[in-house]
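J.: First, the structure itself, so that you have it in front of you.
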Amino acid sequence: MHRSKLPDEGITIFAQMSALARKLNAINLGQGFPDFTPDKTIIEHIRQAFLNSTHQYAPMKGNEKLRHVLAEKINYFQKTNLTENNITITAGATQAIFCAITAFVHPGDEVIILDPGYDSYRPSVLFNSGVPAPVLSTPPLFKPDFNKIKDAITDKTRIIIVNTPNNPGTHIWTKQDWETLAEILSDREDIIVLSDEVYEHIVFDGRKHVSVLSIDGLKQRAIAVYSFGKTFHATGWKIGYAVALEPVIIEFDKIHQYVVYAVNNVMQEGLASYLEWVKQTKGFDSLDQSHFFEKKRDFLYNALTNTRLKPIKPEGTYFMLADYSALSQKSDMEFVIDLAHQIGVVTIPLSPLFINPPENLRMIRFCFAKREETLQQAVEKLSLL
Ligand SMILES: Cc1ncc(COP(=O)(O)O)c(C=O)c1O
């Protein structure tokens, strides 16, 4: 038999729950993808790129116009001084996360992962013979526990992974949070901060996304990763980017060039043209999705408060957690399967998103990046609870 490099990994919970939704023809509020299409203008820019641009390899770091306009965008929002040299276009944020971890983790190095978190962090560490060091965050929004983070740092710590706005916790990191981390890491400049910021444009109630790239004491050793899929309601495009200062981005690129070399050139040309158009016509502020998703959040939140589920109001992202302990004492996995069969709504159990799930966790995650009618139908079914 071949020896598995990831013996404990099965099929991700997202794929499992989406398959269940298809099988039962249920409403899928599980996996994080919209059921609506991207803006027509962006499709038109991409169509034109297909007709007019080159169909050969892009430069290794990505299309220069795209990297330039992205640097301008980040500088605009985060008051940074980035250039295109600080940006590498990747095949989605997931590839950027993998390359960042691969670039810095040597066998035996520890990576602090805030629990619960996005599911690709842990296997990417294991694949590199690193050691995941899970640190439990504080429910119900799973905000970071800085005392626990401090205690988890050892001589072997190489990376800490942060995700803001946070999936599945749905909190966002404030400037104060970042400054607390900078203080904790002030005598450990060898620790890289990998910041997953794919939901940067979805922050509610007037909050602002604060990037690690704007934080003194952290930005020199930071890698921030982003996803066009999340920003433009097109998760299937699988294009994103990594941002870091030198020399960090140079080490990142050494891995990136051998994982994918360069990303789909036509898509990059189309995205560059669209973002340039946005800059010149509506301004970068128009990329913000907060208002659009806040209406959906409020709709689902208000509806769930009228059931025996206890929703937790998200600060950002297009996810919402809910406590079901008033309804059932079954495990979250059993509960979501019952829910799918009984009322035809698929959600995600929270415990698979932990490395060390707490006992008796009675929480599920909804994705509300759905059309009004989908949410309406789901809410009608959920009101039976
Ligand atoms: C926190 C987080 N990071 C990264 C990703 C993956 O982004 P991409 O599809 O661009 O690889 C997701 C997708 O759900 C996510 O929720």
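Following the order of the structure tokens, first chain is A, next is B, and so on, with residues numbered from 1 inside each chain and ligands from 1 in the order they appear.
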Please extract the residues of range 219-260 of chain A with a backbone DSSP assignment of alpha helix (DSSP H) and present them as a PyMOL selection string.

T.: chain A and resi 228-231+248-259

J.: Considering only C-alpha atoms, return as a PyMOL selection string whatever protein or nucleic-acid residues lie within 6 Å of range 151-161 of chain A, sequence-local ones (same chain, fewer than 2 positions apart) excluded.

T.: chain A and resi 109-113+148-149+191-195

J.: Convert the current residue selection to file output with N, CA and C atoms, as an mmCIF file, in the first residue's frame.

T.:
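Produced file part.cif, reproduced below:
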data_model
loop_
_atom_site.group_PDB
_atom_site.id
_atom_site.type_symbol
_atom_site.label_atom_id
_atom_site.label_comp_id
_atom_site.auth_asym_id
_atom_site.auth_seq_id
_atom_site.Cartn_x
_atom_site.Cartn_y
_atom_site.Cartn_z
ATOM 1 N N ASP A 109 8.499 22.595 12.558
ATOM 2 C CA ASP A 109 8.078 23.960 12.918
ATOM 3 C C ASP A 109 6.604 23.966 13.296
ATOM 4 N N GLU A 110 6.265 24.831 14.250
ATOM 5 C CA GLU A 110 4.870 24.906 14.702
ATOM 6 C C GLU A 110 4.149 26.079 14.051
ATOM 7 N N VAL A 111 2.879 25.845 13.743
ATOM 8 C CA VAL A 111 2.041 26.890 13.152
ATOM 9 C C VAL A 111 0.818 27.077 14.039
ATOM 10 N N ILE A 112 0.651 28.284 14.571
ATOM 11 C CA ILE A 112 -0.506 28.552 15.430
ATOM 12 C C ILE A 112 -1.723 28.773 14.543
ATOM 13 N N ILE A 113 -2.745 27.955 14.778
ATOM 14 C CA ILE A 113 -3.993 28.042 14.006
ATOM 15 C C ILE A 113 -5.114 28.317 14.998
ATOM 16 N N LYS A 148 -4.168 32.931 25.478
ATOM 17 C CA LYS A 148 -3.902 31.565 24.978
ATOM 18 C C LYS A 148 -2.890 31.612 23.827
ATOM 19 N N ILE A 149 -2.998 32.652 22.991
ATOM 20 C CA ILE A 149 -2.049 32.777 21.863
ATOM 21 C C ILE A 149 -0.623 32.929 22.422
ATOM 22 N N ILE A 191 8.714 35.175 13.452
ATOM 23 C CA ILE A 191 7.385 34.564 13.251
ATOM 24 C C ILE A 191 6.629 35.326 12.156
ATOM 25 N N ILE A 192 6.208 34.568 11.147
ATOM 26 C CA ILE A 192 5.432 35.139 10.032
ATOM 27 C C ILE A 192 3.959 35.228 10.442
ATOM 28 N N VAL A 193 3.291 36.320 10.055
ATOM 29 C CA VAL A 193 1.843 36.412 10.285
ATOM 30 C C VAL A 193 1.157 36.226 8.932
ATOM 31 N N LEU A 194 0.458 35.104 8.806
ATOM 32 C CA LEU A 194 -0.280 34.823 7.568
ATOM 33 C C LEU A 194 -1.722 35.257 7.805
ATOM 34 N N SER A 195 -2.156 36.273 7.080
ATOM 35 C CA SER A 195 -3.464 36.858 7.345
ATOM 36 C C SER A 195 -4.401 36.604 6.164
#

J.: Set out as a Markdown table a contact list for chain A and ligand 1 with a cut-off of 6 Å, giving each residue of chain A that qualifies its closest atom pair and distance in Å to one decimal, counting only C-alpha atoms and all ligand atoms, ordered by chain and rising residue number.

T.:
| residue | atom | partner | partner_atom_place_in_ligand_line | distance |
| --- | --- | --- | --- | --- |
| A:Gly32 | CA | ligand 1 | 14 (O) | 5.5 |
| A:Gly92 | CA | ligand 1 | 10 (O) | 3.4 |
| A:Ala93 | CA | ligand 1 | 11 (O) | 3.8 |
| A:Thr94 | CA | ligand 1 | 11 (O) | 3.7 |
| A:Tyr118 | CA | ligand 1 | 1 (C) | 5.0 |
| A:Asn167 | CA | ligand 1 | 1 (C) | 5.0 |
| A:Asp196 | CA | ligand 1 | 3 (N) | 5.8 |
| A:Val198 | CA | ligand 1 | 3 (N) | 5.7 |
| A:Ser227 | CA | ligand 1 | 10 (O) | 4.1 |
| A:Gly229 | CA | ligand 1 | 10 (O) | 5.5 |
| A:Thr235 | CA | ligand 1 | 9 (O) | 5.5 |
| A:Lys238 | CA | ligand 1 | 10 (O) | 5.2 |
| A:Ile239 | CA | ligand 1 | 10 (O) | 5.9 |
| A:Gly240 | CA | ligand 1 | 10 (O) | 5.4 |

J.: Go ahead and dump the residues you just picked, C-alpha atoms, as a tab-separated table (two decimals), in the first residue's frame.

T.:
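File produced: selection_9.tsv:
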chain	number	residue	atom	x	y	z
A	32	GLY	CA	-19.79	29.33	1.07
A	92	GLY	CA	-7.37	31.45	-5.35
A	93	ALA	CA	-6.55	32.23	-1.74
A	94	THR	CA	-6.15	28.51	-1.03
A	118	TYR	CA	-10.82	27.56	7.50
A	167	ASN	CA	-14.90	32.31	8.87
A	196	ASP	CA	-6.39	35.46	5.40
A	198	VAL	CA	-10.69	37.03	1.70
A	227	SER	CA	-9.76	36.07	-3.30
A	229	GLY	CA	-14.00	34.74	-5.95
A	235	THR	CA	-15.98	31.41	-6.30
A	238	LYS	CA	-10.32	30.48	-8.31
A	239	ILE	CA	-8.16	33.58	-8.65
A	240	GLY	CA	-6.70	35.46	-5.74

J.: Determine, using only C-alpha atoms, which residues of range 245-362 of chain A have any atom at most 8 Å from an atom of range 48-64 of chain A, and tabulate each with its shortest atom pair and distance in Å to one decimal place, rows ordered by chain and then rising number, as a tab-separated table.

T.:
residue	atom	partner	partner_atom	distance
A:Asp253	CA	A:Lys61	CA	7.3
A:Gln257	CA	A:Met60	CA	6.3
A:Tyr261	CA	A:Met60	CA	5.4
A:Ala262	CA	A:Met60	CA	4.7
A:Val263	CA	A:Gly62	CA	6.8
A:Asn264	CA	A:Ala58	CA	7.3
A:Asn265	CA	A:Ala58	CA	5.0
A:Val266	CA	A:Ala49	CA	5.8
A:Met267	CA	A:Ala49	CA	7.3
A:Gln268	CA	A:Asn63	CA	6.2
A:Glu269	CA	A:Ala49	CA	5.9
A:Gly270	CA	A:Ala49	CA	5.0
A:Ala272	CA	A:Asn63	CA	7.9

J.: Could you pull out the residues in range 121-340 of chain A that DSSP calls strand (DSSP E) from the backbone, as JSON, numbers by chain?

T.: {"A": [131, 132, 133, 134, 135, 136, 157, 158, 159, 160, 161, 162, 163, 192, 193, 194, 195, 196, 222, 223, 224, 225, 226, 227, 240, 241, 242, 243, 310, 311, 312, 319, 320, 321, 322, 323]}

J.: Okay, now the selection with N, CA and C atoms, as an mmCIF file, in the first residue's frame?

T.:
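Saved file again16.cif follows:
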data_model
loop_
_atom_site.group_PDB
_atom_site.id
_atom_site.type_symbol
_atom_site.label_atom_id
_atom_site.label_comp_id
_atom_site.auth_asym_id
_atom_site.auth_seq_id
_atom_site.Cartn_x
_atom_site.Cartn_y
_atom_site.Cartn_z
ATOM 1 N N VAL A 131 3.894 21.272 12.438
ATOM 2 C CA VAL A 131 3.046 20.826 13.546
ATOM 3 C C VAL A 131 1.967 21.884 13.796
ATOM 4 N N PRO A 132 0.681 21.548 13.532
ATOM 5 C CA PRO A 132 -0.373 22.525 13.820
ATOM 6 C C PRO A 132 -0.487 22.730 15.331
ATOM 7 N N ALA A 133 -0.560 23.985 15.754
ATOM 8 C CA ALA A 133 -0.726 24.291 17.187
ATOM 9 C C ALA A 133 -2.048 25.037 17.330
ATOM 10 N N PRO A 134 -3.142 24.280 17.564
ATOM 11 C CA PRO A 134 -4.450 24.940 17.632
ATOM 12 C C PRO A 134 -4.615 25.739 18.921
ATOM 13 N N VAL A 135 -5.219 26.919 18.794
ATOM 14 C CA VAL A 135 -5.494 27.760 19.964
ATOM 15 C C VAL A 135 -6.984 28.083 19.935
ATOM 16 N N LEU A 136 -7.678 27.681 21.004
ATOM 17 C CA LEU A 136 -9.129 27.842 21.022
ATOM 18 C C LEU A 136 -9.518 29.317 21.143
ATOM 19 N N THR A 157 7.779 28.058 17.025
ATOM 20 C CA THR A 157 6.682 28.709 16.292
ATOM 21 C C THR A 157 7.246 29.431 15.067
ATOM 22 N N ARG A 158 6.668 29.131 13.908
ATOM 23 C CA ARG A 158 7.168 29.755 12.666
ATOM 24 C C ARG A 158 6.138 30.694 12.050
ATOM 25 N N ILE A 159 4.836 30.321 12.183
ATOM 26 C CA ILE A 159 3.760 31.121 11.565
ATOM 27 C C ILE A 159 2.605 31.184 12.545
ATOM 28 N N ILE A 160 1.890 32.312 12.556
ATOM 29 C CA ILE A 160 0.553 32.341 13.156
ATOM 30 C C ILE A 160 -0.414 32.733 12.037
ATOM 31 N N ILE A 161 -1.512 31.973 11.949
ATOM 32 C CA ILE A 161 -2.494 32.257 10.898
ATOM 33 C C ILE A 161 -3.673 32.995 11.516
ATOM 34 N N VAL A 162 -3.970 34.152 10.927
ATOM 35 C CA VAL A 162 -5.113 34.962 11.373
ATOM 36 C C VAL A 162 -6.093 35.028 10.208
ATOM 37 N N ASN A 163 -7.376 35.107 10.512
ATOM 38 C CA ASN A 163 -8.366 35.240 9.442
ATOM 39 C C ASN A 163 -9.372 36.315 9.848
ATOM 40 N N ILE A 192 6.208 34.568 11.147
ATOM 41 C CA ILE A 192 5.432 35.139 10.032
ATOM 42 C C ILE A 192 3.959 35.228 10.442
ATOM 43 N N VAL A 193 3.291 36.320 10.055
ATOM 44 C CA VAL A 193 1.843 36.412 10.285
ATOM 45 C C VAL A 193 1.157 36.226 8.932
ATOM 46 N N LEU A 194 0.458 35.104 8.806
ATOM 47 C CA LEU A 194 -0.280 34.823 7.568
ATOM 48 C C LEU A 194 -1.722 35.257 7.805
ATOM 49 N N SER A 195 -2.156 36.273 7.080
ATOM 50 C CA SER A 195 -3.464 36.858 7.345
ATOM 51 C C SER A 195 -4.401 36.604 6.164
ATOM 52 N N ASP A 196 -5.419 35.809 6.428
ATOM 53 C CA ASP A 196 -6.394 35.456 5.398
ATOM 54 C C ASP A 196 -7.498 36.518 5.439
ATOM 55 N N ALA A 222 4.510 40.029 7.367
ATOM 56 C CA ALA A 222 3.142 39.578 7.084
ATOM 57 C C ALA A 222 3.004 39.083 5.645
ATOM 58 N N ILE A 223 2.067 38.143 5.470
ATOM 59 C CA ILE A 223 1.592 37.787 4.123
ATOM 60 C C ILE A 223 0.073 37.855 4.217
ATOM 61 N N ALA A 224 -0.538 38.700 3.395
ATOM 62 C CA ALA A 224 -2.005 38.770 3.382
ATOM 63 C C ALA A 224 -2.492 38.095 2.114
ATOM 64 N N VAL A 225 -3.592 37.340 2.225
ATOM 65 C CA VAL A 225 -4.123 36.653 1.035
ATOM 66 C C VAL A 225 -5.575 37.056 0.796
ATOM 67 N N TYR A 226 -5.923 37.120 -0.497
ATOM 68 C CA TYR A 226 -7.229 37.633 -0.923
ATOM 69 C C TYR A 226 -7.792 36.737 -2.025
ATOM 70 N N SER A 227 -9.099 36.916 -2.298
ATOM 71 C CA SER A 227 -9.757 36.074 -3.301
ATOM 72 C C SER A 227 -10.725 36.900 -4.148
ATOM 73 N N GLY A 240 -6.884 34.622 -6.907
ATOM 74 C CA GLY A 240 -6.698 35.463 -5.738
ATOM 75 C C GLY A 240 -5.308 36.073 -5.792
ATOM 76 N N TYR A 241 -4.829 36.586 -4.671
ATOM 77 C CA TYR A 241 -3.479 37.150 -4.666
ATOM 78 C C TYR A 241 -2.906 37.160 -3.267
ATOM 79 N N ALA A 242 -1.566 37.164 -3.248
ATOM 80 C CA ALA A 242 -0.837 37.247 -1.989
ATOM 81 C C ALA A 242 -0.088 38.563 -1.982
ATOM 82 N N VAL A 243 0.005 39.183 -0.803
ATOM 83 C CA VAL A 243 0.672 40.481 -0.695
ATOM 84 C C VAL A 243 1.655 40.423 0.475
ATOM 85 N N LYS A 310 -30.634 29.808 18.156
ATOM 86 C CA LYS A 310 -30.170 31.085 18.704
ATOM 87 C C LYS A 310 -29.053 31.616 17.788
ATOM 88 N N PRO A 311 -29.400 32.546 16.857
ATOM 89 C CA PRO A 311 -28.372 33.041 15.930
ATOM 90 C C PRO A 311 -27.407 34.005 16.624
ATOM 91 N N ILE A 312 -26.166 34.014 16.143
ATOM 92 C CA ILE A 312 -25.147 34.932 16.677
ATOM 93 C C ILE A 312 -24.909 35.977 15.585
ATOM 94 N N PHE A 319 -21.420 34.489 6.542
ATOM 95 C CA PHE A 319 -21.813 33.328 7.342
ATOM 96 C C PHE A 319 -22.464 33.776 8.642
ATOM 97 N N MET A 320 -23.283 32.873 9.206
ATOM 98 C CA MET A 320 -23.896 33.139 10.497
ATOM 99 C C MET A 320 -23.897 31.837 11.304
ATOM 100 N N LEU A 321 -23.489 31.941 12.561
ATOM 101 C CA LEU A 321 -23.534 30.783 13.446
ATOM 102 C C LEU A 321 -24.848 30.789 14.209
ATOM 103 N N ALA A 322 -25.313 29.598 14.562
ATOM 104 C CA ALA A 322 -26.511 29.519 15.393
ATOM 105 C C ALA A 322 -26.353 28.355 16.352
ATOM 106 N N ASP A 323 -26.824 28.578 17.589
ATOM 107 C CA ASP A 323 -26.798 27.549 18.636
ATOM 108 C C ASP A 323 -28.131 26.802 18.565
#

J.: List the spatial neighbours of Arg365 in chain A as a compact mmCIF listing (two decimals) with N, CA and C atoms, in the first residue's frame - criterion: any atom at most 12 Å away, only C-alpha atoms, same-chain residues fewer than 5 positions off excluded.

T.:
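Saved result, out.txt, follows:
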# COMPACT_ATOMS: atom_id res chain seq x y z
N ILE A 13 -15.87 18.72 4.74
CA ILE A 13 -17.27 18.78 5.17
C ILE A 13 -18.11 19.57 4.16
N PHE A 14 -17.46 20.55 3.47
CA PHE A 14 -18.22 21.37 2.51
C PHE A 14 -18.68 20.51 1.32
N MET A 17 -21.47 18.11 2.49
CA MET A 17 -22.79 18.72 2.70
C MET A 17 -23.40 19.18 1.37
N ASN A 28 -29.32 24.76 -0.17
CA ASN A 28 -27.95 24.63 0.33
C ASN A 28 -27.46 25.94 0.96
N LEU A 29 -27.58 26.03 2.28
CA LEU A 29 -27.00 27.18 2.99
C LEU A 29 -25.72 26.72 3.69
N GLY A 30 -25.09 25.70 3.11
CA GLY A 30 -23.89 25.13 3.71
C GLY A 30 -22.63 25.77 3.16
N GLN A 31 -22.14 25.22 2.05
CA GLN A 31 -20.87 25.69 1.48
C GLN A 31 -20.95 27.17 1.12
N GLY A 32 -19.81 27.88 1.27
CA GLY A 32 -19.79 29.33 1.07
C GLY A 32 -19.68 29.77 -0.38
N PRO A 116 -12.03 27.73 15.93
CA PRO A 116 -12.15 27.07 14.63
C PRO A 116 -11.58 27.96 13.51
N PRO A 140 -19.19 33.31 21.68
CA PRO A 140 -19.84 32.68 20.53
C PRO A 140 -19.31 33.15 19.17
N LEU A 141 -18.60 34.34 19.13
CA LEU A 141 -18.11 34.80 17.83
C LEU A 141 -16.70 34.29 17.55
N ASN A 167 -14.03 33.43 9.19
CA ASN A 167 -14.90 32.31 8.87
C ASN A 167 -14.40 31.10 9.67
N PRO A 168 -15.17 30.48 10.53
CA PRO A 168 -16.61 30.64 10.69
C PRO A 168 -17.02 31.60 11.82
N GLY A 169 -16.06 32.18 12.54
CA GLY A 169 -16.43 32.96 13.73
C GLY A 169 -17.26 34.19 13.44
N THR A 170 -17.02 34.79 12.29
CA THR A 170 -17.72 35.98 11.78
C THR A 170 -17.38 37.26 12.54
N LEU A 309 -33.74 28.23 17.30
CA LEU A 309 -32.29 28.38 17.09
C LEU A 309 -31.88 29.72 17.69
N LYS A 310 -30.63 29.81 18.16
CA LYS A 310 -30.17 31.09 18.70
C LYS A 310 -29.05 31.62 17.79
N PRO A 311 -29.40 32.55 16.86
CA PRO A 311 -28.37 33.04 15.93
C PRO A 311 -27.41 34.01 16.62
N ILE A 312 -26.17 34.01 16.14
CA ILE A 312 -25.15 34.93 16.68
C ILE A 312 -24.91 35.98 15.59
N LYS A 313 -25.11 37.24 15.89
CA LYS A 313 -25.06 38.28 14.84
C LYS A 313 -23.62 38.47 14.33
N PRO A 314 -23.39 38.25 13.02
CA PRO A 314 -22.03 38.35 12.49
C PRO A 314 -21.55 39.81 12.39
N THR A 317 -18.29 38.83 7.00
CA THR A 317 -18.41 37.62 6.17
C THR A 317 -19.87 37.36 5.75
N TYR A 318 -20.08 36.31 4.96
CA TYR A 318 -21.48 35.98 4.64
C TYR A 318 -21.94 34.69 5.32
N PHE A 319 -21.42 34.49 6.54
CA PHE A 319 -21.81 33.33 7.34
C PHE A 319 -22.46 33.78 8.64
N MET A 320 -23.28 32.87 9.21
CA MET A 320 -23.90 33.14 10.50
C MET A 320 -23.90 31.84 11.30
N LEU A 321 -23.49 31.94 12.56
CA LEU A 321 -23.53 30.78 13.45
C LEU A 321 -24.85 30.79 14.21
N ALA A 322 -25.31 29.60 14.56
CA ALA A 322 -26.51 29.52 15.39
C ALA A 322 -26.35 28.36 16.35
N ASP A 323 -26.82 28.58 17.59
CA ASP A 323 -26.80 27.55 18.64
C ASP A 323 -28.13 26.80 18.57
N TYR A 324 -28.06 25.47 18.53
CA TYR A 324 -29.32 24.71 18.41
C TYR A 324 -29.64 23.95 19.68
N ASP A 332 -23.46 17.88 16.39
CA ASP A 332 -23.77 18.81 15.29
C ASP A 332 -23.87 18.09 13.94
N MET A 333 -23.07 17.03 13.77
CA MET A 333 -23.12 16.27 12.51
C MET A 333 -24.49 15.59 12.35
N PHE A 335 -27.20 16.49 13.86
CA PHE A 335 -28.24 17.51 13.78
C PHE A 335 -28.38 18.05 12.35
N VAL A 336 -27.25 18.34 11.67
CA VAL A 336 -27.38 18.90 10.31
C VAL A 336 -27.96 17.86 9.34
N VAL A 345 -33.13 21.79 4.48
CA VAL A 345 -32.16 22.90 4.49
C VAL A 345 -30.81 22.34 4.94
N VAL A 346 -29.78 22.57 4.11
CA VAL A 346 -28.45 22.06 4.43
C VAL A 346 -27.60 23.17 5.04
N THR A 347 -26.94 22.85 6.15
CA THR A 347 -26.04 23.79 6.83
C THR A 347 -24.72 23.06 7.08
N ILE A 348 -23.81 23.70 7.81
CA ILE A 348 -22.51 23.08 8.10
C ILE A 348 -22.40 22.88 9.62
N PRO A 349 -22.04 21.67 10.06
CA PRO A 349 -21.77 21.49 11.50
C PRO A 349 -20.47 22.20 11.83
N LEU A 350 -20.38 22.75 13.04
CA LEU A 350 -19.20 23.55 13.34
C LEU A 350 -17.98 22.71 13.73
N SER A 351 -18.21 21.55 14.36
CA SER A 351 -17.04 20.85 14.92
C SER A 351 -15.99 20.44 13.87
N PRO A 352 -16.34 20.09 12.60
CA PRO A 352 -15.27 19.76 11.66
C PRO A 352 -14.35 20.95 11.32
N LEU A 353 -14.78 22.17 11.71
CA LEU A 353 -13.92 23.33 11.43
C LEU A 353 -12.95 23.61 12.58

J.: Please list as a list in words every residue within 10 Å of Asp39 in chain A, counting only C-alpha atoms and excluding residues in the same chain fewer than 2 positions away.

T.: Phe36, Thr37, Thr41, Ile42, Ile43, Glu44, Phe232, His233 and Ala234 of chain A

J.: So, with only C-alpha atoms as the atoms that count, which of A:Glu84, A:Gln289, A:Gly344, A:Glu359 lies closest to Gln377 in chain A?

T.: A:Gly344

J.: Give me the residues within 12 Å of Asp8 in chain A as a PyMOL selection string, counting only C-alpha atoms and dropping any in the same chain fewer than 2 places off.

T.: chain A and resi 3-6+10-12+122-123+126-127+355

J.: Export C-alpha atoms of the chosen residues as a compact mmCIF listing (two decimals), in the first residue's frame?

T.:
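Saved the output as selection31.txt:
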# COMPACT_ATOMS: atom_id res chain seq x y z
CA ARG A 3 1.65 5.50 2.61
CA SER A 4 -0.70 8.49 2.79
CA LYS A 5 0.85 11.91 3.44
CA LEU A 6 -2.43 13.06 5.01
CA GLY A 10 -11.18 12.65 4.30
CA ILE A 11 -13.46 14.60 1.96
CA THR A 12 -14.05 18.15 3.28
CA ARG A 122 -4.08 22.34 8.98
CA PRO A 123 -3.42 19.98 6.02
CA LEU A 126 0.97 18.75 7.85
CA PHE A 127 1.93 18.36 4.20
CA ILE A 355 -8.70 20.92 15.07

J.: Nearest residue to Glu251 in chain A out of A:Ala378, A:Pro34, A:Thr88, A:Leu271, using only C-alpha atoms?

T.: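 Counting only C-alpha atoms, the residue closest to Glu251 in chain A is A:Thr88.
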